[in-house]
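**Student:** If you scroll down you'll find the structure; I have some questions about it.
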Amino acid sequence: MIRRLPEALVREIAAGEVVSGPVDVVRELLENALDAGATRVQVELVGGGLERICVTDNGQGIPREELPLAVEAHATSKLTDLGRIATLGFRGEGLWAIRQAARLRLTSRPPAQLGGATLSAFLDETSLAEHPAPPGTRVEVSGLFEHLPARRRSLEAPASEARKVAGLLARYLLHRPALALRLLADGEEKLAHAGGSFPEAARLVWGSVVANRLLELDFAEAPFRLTGLLSRPELSRPRRDRLLLAVNGRPVEWPEALLQTVLSAYKELLPSGQYPVGVLNLELPPEAVLVNTAPDKSRVRLLEPEGVLAFVARAVQGLLSAHPLARALPDPTPMAGPAPVQRASFPRLRFVGAFRELYLLAEADDELYVVDQHAAHERILYEELSRRYREEPPVELEHPELLNLSLGEEIAYQERAEQLEAAGLVLEPFGPGRYRIRSIPAFLTAHPALVVEVVKGTLAGHSFTEAWRTVLARLACLPAIKAGHPMAGAPAQALLDALARCEMPWTCPHGRPTALVMSELELARRFGRRGVRAVERVNGKR
């Protein structure tokens with residue numbers, strides 16, 4: 001039987017489409033502030049935003065008499081023509097959805113208004129009180145989903161929700177570097193940007209190493225303009241997670257045709273499957289782009305793409321041609337010939353010779369092995385470092401070392417603090433973006449100059465496991481036997497024996513094979529031999 005849903009259930013469903021967690025609340029309030037012309041925004045979180053969210057801006061404010069209307073459904077001052085949307089918000093759903101999901105307290109005052117007012121709203125209840133207030137708007141949201149237990153349980157831990165908010169603010173900051181933005185989490189300052197340039201925002205969010213490899217772009221051909229940063233070819237990634245786009249100030253996902261245009265502009269400067277790093281702001285006439293394509297407003301459609309794509313191609317090609325550029329290293333390609341060793345158990349090898357002071361020749365049963373001495377030694381050292389960090393207690397530094405973390409690194413640290421401590425790396429906050437290294441794994445005491453590099457390395461990558469593996473591989477590579485180091489006799493045999501004892505002897509920590517193998521039968525075939533040993537092997541007599 002078809003029936004109308006109760007009004008309360010309708011509100012709950014509608015609110016959930018707009019607000020699924022603290023990050024959605026912050027996005028709505030931040031976009032309202034930016035639409036109101038704010039140049040300074042402060043975001044405060046308590047309990048990851050589950051307990052309280054407060055967003056304060058210096059925008060134009062809301063007149064006292066319009067405050068009750070501001071929290072009603074589909075009431076907005078931003079939309080007059082759906083074909084010419086020039087603001088981040090336009091549906092009139094944000095504040096209304098928030099009051100369905102939490103308790104809302106909205107304080108605002110336009111600069112020309114004498115005194116301010118505060119509107120309190122929750123579900124169907126509202127109240128308005130007048131009082132003195134500074135120009136701008138302050139929105140407090142408390143008790144998110146407390147009255148909706150199922151939705152409350154779907155939220156992640158406070159630290160995880162806070163990381164989502166920090167990531168959102170970092171994204172907006174990269175696109176709007178002139179914005180003065182501050183983030184406080186449980187009273188601790190997590191982000192402080194006084195406003196500046198694209199490179200300064202990139203340095204804060206991505207760190208100096210990345211920022212120093214970005215080229216600044218500002219290209220205009222009426223009615224289009226493209227600004228932002230793009231990386232030199234030597235800085236590329238196998239994912240496009242650090243190639244960001246905003247259209248008319250709105251951070252969006254890449255339209256595929258537009259992304260391919262940017263990649264094509266690099267031509268052979270980038271290997272296949274690699275993406276540049278950067279942040280681009282594309283400005284178009286409002287009527288040239290459709291933004292009302294998804295409820296979260298994360299996707300747009302170019303209505304006349306040909307002219308836009310040609311413009312973007314010229315902009316990126318012009319930027320790259322104006323600088324001397326080095327191509328990124330290509331991916332290695334497999335070579336024909338002996339195959340990497342792939343078997344359940346690695347045999348004990350007997351050393352028989354060496355080639356070019358890099359490759360050890362060895363035999364086992366009826367097979368010839370060619371062992372890369374550097375890769376083999378890397379694997380041995382890597383497993384030794386892994387064993388030591390698991391078994392040896394960490395060492396507390398007598399004089400703790402200071403280091404600065406970018407916003408991205410700081411977010412990663414908050415996420416991986418427990419894993420870092422388990423690995424023996426303990427950091428202590430020492431002011432905004434600064435930390436003291438209190439203890440390190442015991443094996444790092446032999447590499448004091450690499451301590452800071454190791455800490456930062458563990459904050460890179462998509463996971464702690466991936467990052468830690470990269471760090472250990474780097475440490476194993478440094479002292480490993482290099483090409484040109486002659487090995488023979490007992491030292492060479494000792495290296496082969498140690499390799500056979502490894503848990504994963506077939507590859508170095510970077511994934512390259514440690515050994516190639518060719519059977520005696522294959523050698524006989526390649527030499528065109530039909531010797532006794534080869535014939536016996538073919539006939540199954542051995």
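Quick note on naming: the chains in the structure tokens go A, B, ... in the order shown, residues restart at 1 in each chain, and ligands are numbered from 1 in order of appearance.
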Can you tell me, as a list in words, what residues are no more than 12 Å from Leu214 in chain A when counting only C-alpha atoms, ignoring any on the same chain fewer than 6 positions away?

**Tutor:** Phe198, Pro199, Glu200, Ala201, Ala202, Arg203, Trp206, Gly207, Ser208, Gly228, Leu229, Leu230, Ser231, Arg232, Pro233, Glu234, Leu235, Ser236, Arg242, Leu243, Pro276, Val277, Gly278, Val279, Leu280, Leu319, Leu320, His323 and Leu325 of chain A

**Student:** For the residues selected in the previous step, produce a file with C-alpha atoms as a compact mmCIF listing (two decimals), in the first residue's frame.

**Tutor:**
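So the final result, stored in again_35.txt, reads:
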```
# COMPACT_ATOMS: atom_id res chain seq x y z
CA PHE A 198 49.67 29.38 -4.34
CA PRO A 199 53.25 28.25 -3.56
CA GLU A 200 52.85 29.24 0.09
CA ALA A 201 49.63 27.23 0.42
CA ALA A 202 51.25 24.23 -1.29
CA ARG A 203 54.24 24.48 1.03
CA TRP A 206 52.30 19.37 0.87
CA GLY A 207 55.64 20.44 2.28
CA SER A 208 58.63 22.23 0.77
CA GLY A 228 47.36 27.49 -10.01
CA LEU A 229 50.35 25.16 -9.90
CA LEU A 230 51.57 22.19 -11.93
CA SER A 231 54.56 20.00 -11.24
CA ARG A 232 57.70 19.61 -13.22
CA PRO A 233 57.82 16.17 -14.89
CA GLU A 234 60.27 14.76 -12.35
CA LEU A 235 57.50 15.05 -9.75
CA SER A 236 54.75 12.62 -10.72
CA ARG A 242 47.30 15.29 -5.77
CA LEU A 243 46.07 16.75 -9.02
CA PRO A 276 51.48 15.38 -12.36
CA VAL A 277 50.96 17.06 -9.00
CA GLY A 278 49.17 20.36 -8.86
CA VAL A 279 46.14 22.48 -8.18
CA LEU A 280 44.25 24.26 -10.97
CA LEU A 319 53.71 26.73 -19.04
CA LEU A 320 55.80 23.63 -19.75
CA HIS A 323 60.82 26.04 -18.43
CA LEU A 325 62.29 20.30 -17.95
```

**Student:** Using only C-alpha atoms, determine which residues lie at most 10 Å from Ala315 in chain A, disregarding the query and same-chain residues fewer than 6 positions distant; provide the list as an mmCIF file with all heavy atoms, in the first residue's frame.

**Tutor:**
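That gives us selection12.cif:
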```cif
data_model
loop_
_atom_site.group_PDB
_atom_site.id
_atom_site.type_symbol
_atom_site.label_atom_id
_atom_site.label_comp_id
_atom_site.auth_asym_id
_atom_site.auth_seq_id
_atom_site.Cartn_x
_atom_site.Cartn_y
_atom_site.Cartn_z
ATOM 1 N N LEU A 217 51.156 28.928 -12.546
ATOM 2 C CA LEU A 217 50.459 29.150 -13.813
ATOM 3 C C LEU A 217 49.427 30.254 -13.661
ATOM 4 O O LEU A 217 48.658 30.269 -12.696
ATOM 5 C CB LEU A 217 49.764 27.846 -14.239
ATOM 6 C CG LEU A 217 48.792 27.906 -15.426
ATOM 7 C CD1 LEU A 217 49.536 28.274 -16.699
ATOM 8 C CD2 LEU A 217 48.083 26.569 -15.599
ATOM 9 N N ASP A 218 49.404 31.165 -14.621
ATOM 10 C CA ASP A 218 48.360 32.192 -14.698
ATOM 11 C C ASP A 218 48.189 32.536 -16.172
ATOM 12 O O ASP A 218 49.001 33.238 -16.765
ATOM 13 C CB ASP A 218 48.733 33.435 -13.893
ATOM 14 C CG ASP A 218 47.541 34.394 -13.750
ATOM 15 O OD1 ASP A 218 46.589 34.278 -14.541
ATOM 16 O OD2 ASP A 218 47.581 35.251 -12.852
ATOM 17 N N PHE A 219 47.133 32.001 -16.790
ATOM 18 C CA PHE A 219 46.939 32.124 -18.234
ATOM 19 C C PHE A 219 45.495 32.512 -18.487
ATOM 20 O O PHE A 219 44.579 31.901 -17.929
ATOM 21 C CB PHE A 219 47.266 30.787 -18.911
ATOM 22 C CG PHE A 219 47.221 30.833 -20.409
ATOM 23 C CD1 PHE A 219 48.271 31.377 -21.136
ATOM 24 C CD2 PHE A 219 46.123 30.315 -21.104
ATOM 25 C CE1 PHE A 219 48.235 31.402 -22.527
ATOM 26 C CE2 PHE A 219 46.079 30.342 -22.481
ATOM 27 C CZ PHE A 219 47.139 30.889 -23.202
ATOM 28 N N ALA A 220 45.302 33.542 -19.288
ATOM 29 C CA ALA A 220 43.947 34.038 -19.540
ATOM 30 C C ALA A 220 43.754 34.330 -21.020
ATOM 31 O O ALA A 220 44.638 34.875 -21.690
ATOM 32 C CB ALA A 220 43.680 35.300 -18.723
ATOM 33 N N GLU A 221 42.606 33.916 -21.507
ATOM 34 C CA GLU A 221 42.115 34.279 -22.845
ATOM 35 C C GLU A 221 40.612 34.459 -22.689
ATOM 36 O O GLU A 221 39.891 33.488 -22.479
ATOM 37 C CB GLU A 221 42.408 33.178 -23.876
ATOM 38 C CG GLU A 221 43.865 33.053 -24.284
ATOM 39 C CD GLU A 221 44.078 31.940 -25.298
ATOM 40 O OE1 GLU A 221 43.101 31.209 -25.582
ATOM 41 O OE2 GLU A 221 45.209 31.790 -25.795
ATOM 42 N N ARG A 225 40.065 31.717 -17.825
ATOM 43 C CA ARG A 225 41.314 31.941 -17.092
ATOM 44 C C ARG A 225 41.677 30.657 -16.343
ATOM 45 O O ARG A 225 40.796 29.987 -15.798
ATOM 46 C CB ARG A 225 41.187 33.098 -16.093
ATOM 47 C CG ARG A 225 42.519 33.460 -15.411
ATOM 48 C CD ARG A 225 42.352 34.562 -14.389
ATOM 49 N NE ARG A 225 43.624 34.919 -13.785
ATOM 50 C CZ ARG A 225 43.768 35.705 -12.706
ATOM 51 N NH1 ARG A 225 42.688 36.224 -12.123
ATOM 52 N NH2 ARG A 225 44.957 35.961 -12.224
ATOM 53 N N LEU A 226 42.966 30.324 -16.331
ATOM 54 C CA LEU A 226 43.460 29.145 -15.623
ATOM 55 C C LEU A 226 44.636 29.564 -14.750
ATOM 56 O O LEU A 226 45.626 30.104 -15.253
ATOM 57 C CB LEU A 226 43.897 28.059 -16.610
ATOM 58 C CG LEU A 226 44.273 26.704 -16.006
ATOM 59 C CD1 LEU A 226 43.049 26.039 -15.367
ATOM 60 C CD2 LEU A 226 44.886 25.785 -17.061
ATOM 61 N N THR A 227 44.513 29.339 -13.445
ATOM 62 C CA THR A 227 45.571 29.689 -12.500
ATOM 63 C C THR A 227 45.880 28.482 -11.617
ATOM 64 O O THR A 227 45.093 27.540 -11.532
ATOM 65 C CB THR A 227 45.156 30.867 -11.609
ATOM 66 O OG1 THR A 227 43.944 30.521 -10.901
ATOM 67 C CG2 THR A 227 44.908 32.124 -12.419
ATOM 68 N N VAL A 262 45.050 17.779 -19.960
ATOM 69 C CA VAL A 262 46.234 18.154 -19.169
ATOM 70 C C VAL A 262 47.351 17.133 -19.354
ATOM 71 O O VAL A 262 48.515 17.491 -19.563
ATOM 72 C CB VAL A 262 45.852 18.288 -17.677
ATOM 73 C CG1 VAL A 262 47.094 18.506 -16.821
ATOM 74 C CG2 VAL A 262 44.882 19.451 -17.480
ATOM 75 N N ALA A 265 49.067 17.420 -22.682
ATOM 76 C CA ALA A 265 49.955 18.577 -22.799
ATOM 77 C C ALA A 265 51.375 18.249 -22.348
ATOM 78 O O ALA A 265 52.349 18.848 -22.822
ATOM 79 C CB ALA A 265 49.398 19.743 -21.991
ATOM 80 N N LEU A 309 38.631 22.967 -23.657
ATOM 81 C CA LEU A 309 39.732 22.004 -23.754
ATOM 82 C C LEU A 309 40.900 22.592 -24.543
ATOM 83 O O LEU A 309 42.070 22.418 -24.161
ATOM 84 C CB LEU A 309 39.249 20.709 -24.406
ATOM 85 C CG LEU A 309 38.141 19.950 -23.662
ATOM 86 C CD1 LEU A 309 37.759 18.685 -24.418
ATOM 87 C CD2 LEU A 309 38.567 19.619 -22.244
#
```

**Student:** Identify all residues of range 41-190 of chain A in strand (DSSP E or B) (DSSP on the backbone) and supply them as a PyMOL selection string.

**Tutor:** chain A and resi 41-46+52-57+103-109+116-122+125-131+136-142+180-185+188-190

**Student:** Which residue out of A:Arg3, A:Arg152, A:Arg105, A:Arg250 has the minimum interatomic distance to Leu34 in chain A when only C-alpha atoms are used?

**Tutor:**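 Result for the nearest residue to Leu34 in chain A: A:Arg250.
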
**Student:** Can you pull out every residue within 8 Å of Asn58 in chain A, counting only C-alpha atoms, but drop anything in the same chain fewer than 5 positions away, and send it as a list of chain:residue names?

**Tutor:**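 Residues meeting the cut-off are A:Ala33, A:Gly37, A:Ala38, A:Thr39, A:Arg40, A:Val41, A:Pro135, A:Gly136, A:Thr137.
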
**Student:** Would you put the residues from that selection into a file with N, CA and C atoms, as a PDB file, in the first residue's frame?

**Tutor:**
```
ATOM      1  N   ALA A  33      30.396  30.867   4.183  1.00  0.00           N
ATOM      2  CA  ALA A  33      31.297  31.966   4.530  1.00  0.00           C
ATOM      3  C   ALA A  33      31.957  32.536   3.277  1.00  0.00           C
ATOM      4  N   GLY A  37      31.669  36.398   1.085  1.00  0.00           N
ATOM      5  CA  GLY A  37      32.816  37.273   0.887  1.00  0.00           C
ATOM      6  C   GLY A  37      33.830  37.242   2.007  1.00  0.00           C
ATOM      7  N   ALA A  38      33.823  36.222   2.840  1.00  0.00           N
ATOM      8  CA  ALA A  38      34.760  36.147   3.965  1.00  0.00           C
ATOM      9  C   ALA A  38      36.194  36.028   3.467  1.00  0.00           C
ATOM     10  N   THR A  39      37.091  36.724   4.142  1.00  0.00           N
ATOM     11  CA  THR A  39      38.528  36.602   3.876  1.00  0.00           C
ATOM     12  C   THR A  39      39.246  35.941   5.045  1.00  0.00           C
ATOM     13  N   ARG A  40      38.535  35.777   6.170  1.00  0.00           N
ATOM     14  CA  ARG A  40      39.083  35.068   7.339  1.00  0.00           C
ATOM     15  C   ARG A  40      38.033  34.076   7.833  1.00  0.00           C
ATOM     16  N   VAL A  41      38.463  32.834   8.056  1.00  0.00           N
ATOM     17  CA  VAL A  41      37.567  31.796   8.555  1.00  0.00           C
ATOM     18  C   VAL A  41      38.298  30.999   9.624  1.00  0.00           C
ATOM     19  N   PRO A 135      30.906  42.151  13.504  1.00  0.00           N
ATOM     20  CA  PRO A 135      30.468  41.886  12.129  1.00  0.00           C
ATOM     21  C   PRO A 135      30.870  40.477  11.692  1.00  0.00           C
ATOM     22  N   GLY A 136      30.035  39.885  10.856  1.00  0.00           N
ATOM     23  CA  GLY A 136      30.326  38.544  10.376  1.00  0.00           C
ATOM     24  C   GLY A 136      29.335  37.527  10.912  1.00  0.00           C
ATOM     25  N   THR A 137      29.698  36.263  10.820  1.00  0.00           N
ATOM     26  CA  THR A 137      28.791  35.183  11.214  1.00  0.00           C
ATOM     27  C   THR A 137      29.553  34.126  12.004  1.00  0.00           C
TER      28      THR A 137
END
```

**Student:** Would you pick out the contacts of range 19-21 of chain A at 12 Å or less, using only C-alpha atoms, so that residues sharing its chain but fewer than 2 positions from it are not included, and give the list as a VMD selection string?

**Tutor:** chain A and resid 11 to 17 23 to 29 48 to 53 93 to 102 141 143 to 146 148 150 to 158 160 to 162 164 to 165 295 to 296

**Student:** Could you list, as a ChimeraX atom specification, every residue within 12 Å of Thr107 in chain A, counting only C-alpha atoms and ignoring same-chain residues fewer than 2 positions away?

**Tutor:** /A:54-58,61-64,66-68,70,104-105,109-110,115-121,127-141

**Student:** Would you write out those residues with N, CA, C and O atoms, as a short mmCIF file (atom, residue, chain, number, x, y, z; two decimals), in the first residue's frame?

**Tutor:**
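For reference, selection_20.cif as written:
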```
data_model
loop_
_atom_site.label_atom_id
_atom_site.label_comp_id
_atom_site.auth_asym_id
_atom_site.auth_seq_id
_atom_site.Cartn_x
_atom_site.Cartn_y
_atom_site.Cartn_z
N CYS A 54 32.31 24.76 15.34
CA CYS A 54 32.08 26.21 15.33
C CYS A 54 32.86 26.82 14.17
O CYS A 54 34.07 26.62 14.06
N VAL A 55 32.17 27.54 13.31
CA VAL A 55 32.79 28.20 12.16
C VAL A 55 32.50 29.69 12.26
O VAL A 55 31.33 30.10 12.30
N THR A 56 33.57 30.49 12.30
CA THR A 56 33.45 31.94 12.43
C THR A 56 34.07 32.60 11.21
O THR A 56 35.16 32.21 10.78
N ASP A 57 33.37 33.61 10.64
CA ASP A 57 33.90 34.29 9.46
C ASP A 57 33.69 35.78 9.57
O ASP A 57 32.95 36.27 10.44
N ASN A 58 34.34 36.53 8.69
CA ASN A 58 34.19 37.99 8.65
C ASN A 58 33.43 38.42 7.41
O ASN A 58 33.68 39.49 6.84
N GLY A 61 27.55 38.79 6.58
CA GLY A 61 26.54 38.57 7.61
C GLY A 61 25.12 38.47 7.07
O GLY A 61 24.85 38.70 5.89
N ILE A 62 24.20 38.11 7.98
CA ILE A 62 22.79 37.93 7.63
C ILE A 62 21.97 38.95 8.43
O ILE A 62 22.10 39.02 9.66
N PRO A 63 21.12 39.74 7.79
CA PRO A 63 20.30 40.70 8.53
C PRO A 63 19.43 40.01 9.58
O PRO A 63 18.98 38.87 9.39
N ARG A 64 19.19 40.71 10.66
CA ARG A 64 18.44 40.17 11.79
C ARG A 64 17.09 39.58 11.35
O ARG A 64 16.73 38.47 11.75
N GLU A 66 16.20 38.32 8.61
CA GLU A 66 16.28 37.19 7.69
C GLU A 66 16.81 35.92 8.35
O GLU A 66 16.80 34.85 7.72
N LEU A 67 17.25 36.02 9.58
CA LEU A 67 17.82 34.84 10.24
C LEU A 67 16.84 33.66 10.32
O LEU A 67 17.22 32.53 10.01
N PRO A 68 15.59 33.85 10.71
CA PRO A 68 14.68 32.69 10.75
C PRO A 68 14.50 32.03 9.38
O PRO A 68 14.39 30.81 9.27
N ALA A 70 16.72 31.89 7.03
CA ALA A 70 17.96 31.26 6.58
C ALA A 70 18.02 29.78 6.88
O ALA A 70 18.71 29.02 6.19
N LEU A 104 21.60 23.83 16.27
CA LEU A 104 22.23 24.89 15.49
C LEU A 104 22.07 26.23 16.22
O LEU A 104 20.97 26.56 16.67
N ARG A 105 23.17 26.94 16.31
CA ARG A 105 23.15 28.29 16.93
C ARG A 105 23.86 29.23 15.96
O ARG A 105 25.07 29.13 15.77
N ARG A 109 25.82 39.37 12.09
CA ARG A 109 25.59 40.82 12.05
C ARG A 109 26.24 41.41 10.81
O ARG A 109 27.46 41.32 10.64
N PRO A 110 25.44 41.99 9.90
CA PRO A 110 26.03 42.74 8.79
C PRO A 110 26.76 43.97 9.33
O PRO A 110 26.35 44.54 10.36
N GLY A 115 24.09 46.17 16.18
CA GLY A 115 23.85 44.99 17.00
C GLY A 115 23.59 43.75 16.16
O GLY A 115 23.25 43.83 14.98
N GLY A 116 23.79 42.60 16.80
CA GLY A 116 23.57 41.34 16.10
C GLY A 116 22.43 40.56 16.70
O GLY A 116 21.67 41.06 17.54
N ALA A 117 22.29 39.32 16.27
CA ALA A 117 21.23 38.46 16.78
C ALA A 117 21.68 37.01 16.66
O ALA A 117 22.53 36.67 15.84
N THR A 118 21.08 36.18 17.50
CA THR A 118 21.38 34.75 17.50
C THR A 118 20.09 33.97 17.31
O THR A 118 19.11 34.19 18.03
N LEU A 119 20.11 33.08 16.34
CA LEU A 119 19.00 32.17 16.10
C LEU A 119 19.40 30.78 16.57
O LEU A 119 20.42 30.26 16.14
N SER A 120 18.61 30.20 17.43
CA SER A 120 18.81 28.82 17.87
C SER A 120 17.74 27.96 17.22
O SER A 120 16.56 28.31 17.23
N ALA A 121 18.16 26.81 16.64
CA ALA A 121 17.21 25.97 15.92
C ALA A 121 17.57 24.50 16.09
O ALA A 121 18.75 24.12 16.09
N SER A 127 14.32 29.90 18.06
CA SER A 127 14.19 31.07 18.93
C SER A 127 15.20 32.11 18.48
O SER A 127 16.29 31.77 17.99
N LEU A 128 14.86 33.38 18.65
CA LEU A 128 15.70 34.47 18.20
C LEU A 128 15.93 35.44 19.34
O LEU A 128 14.99 35.82 20.03
N ALA A 129 17.22 35.83 19.53
CA ALA A 129 17.56 36.79 20.58
C ALA A 129 18.52 37.83 20.01
O ALA A 129 19.44 37.49 19.26
N GLU A 130 18.29 39.12 20.35
CA GLU A 130 19.15 40.20 19.88
C GLU A 130 20.18 40.54 20.95
O GLU A 130 19.88 40.50 22.15
N HIS A 131 21.37 40.93 20.52
CA HIS A 131 22.45 41.26 21.45
C HIS A 131 23.61 41.86 20.65
O HIS A 131 23.65 41.75 19.42
N PRO A 132 24.60 42.47 21.30
CA PRO A 132 25.78 42.96 20.59
C PRO A 132 26.56 41.81 19.96
O PRO A 132 26.60 40.70 20.51
N ALA A 133 27.17 42.05 18.81
CA ALA A 133 27.96 41.02 18.13
C ALA A 133 28.90 41.70 17.15
O ALA A 133 28.58 42.77 16.61
N PRO A 134 30.07 41.12 16.90
CA PRO A 134 30.98 41.68 15.90
C PRO A 134 30.45 41.41 14.50
O PRO A 134 29.61 40.51 14.30
N PRO A 135 30.91 42.15 13.50
CA PRO A 135 30.47 41.89 12.13
C PRO A 135 30.87 40.48 11.69
O PRO A 135 31.90 39.95 12.12
N GLY A 136 30.04 39.88 10.86
CA GLY A 136 30.33 38.54 10.38
C GLY A 136 29.34 37.53 10.91
O GLY A 136 28.27 37.88 11.42
N THR A 137 29.70 36.26 10.82
CA THR A 137 28.79 35.18 11.21
C THR A 137 29.55 34.13 12.00
O THR A 137 30.70 33.81 11.69
N ARG A 138 28.89 33.61 13.02
CA ARG A 138 29.43 32.52 13.81
C ARG A 138 28.35 31.45 13.93
O ARG A 138 27.22 31.73 14.37
N VAL A 139 28.68 30.22 13.50
CA VAL A 139 27.72 29.13 13.53
C VAL A 139 28.26 28.03 14.44
O VAL A 139 29.38 27.55 14.23
N GLU A 140 27.46 27.64 15.43
CA GLU A 140 27.83 26.54 16.32
C GLU A 140 26.86 25.38 16.09
O GLU A 140 25.64 25.57 16.07
N VAL A 141 27.42 24.20 15.92
CA VAL A 141 26.64 22.99 15.71
C VAL A 141 27.05 21.98 16.77
O VAL A 141 28.23 21.64 16.88
#
```

**Student:** Run DSSP on the backbone and tell me which residues of range 369-533 of chain A come out as alpha helix (DSSP H); list them as an MDAnalysis selection string.

**Tutor:** chainID A and resid 373:391 407:423 451:457 464:477 489:500 520:526 532:533

**Student:** Using Å and a single decimal, report how far CA of Glu522 in chain A sits from CA of Trp506 in chain A.

**Tutor:**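 These atoms are spaced 20.7 Å apart.
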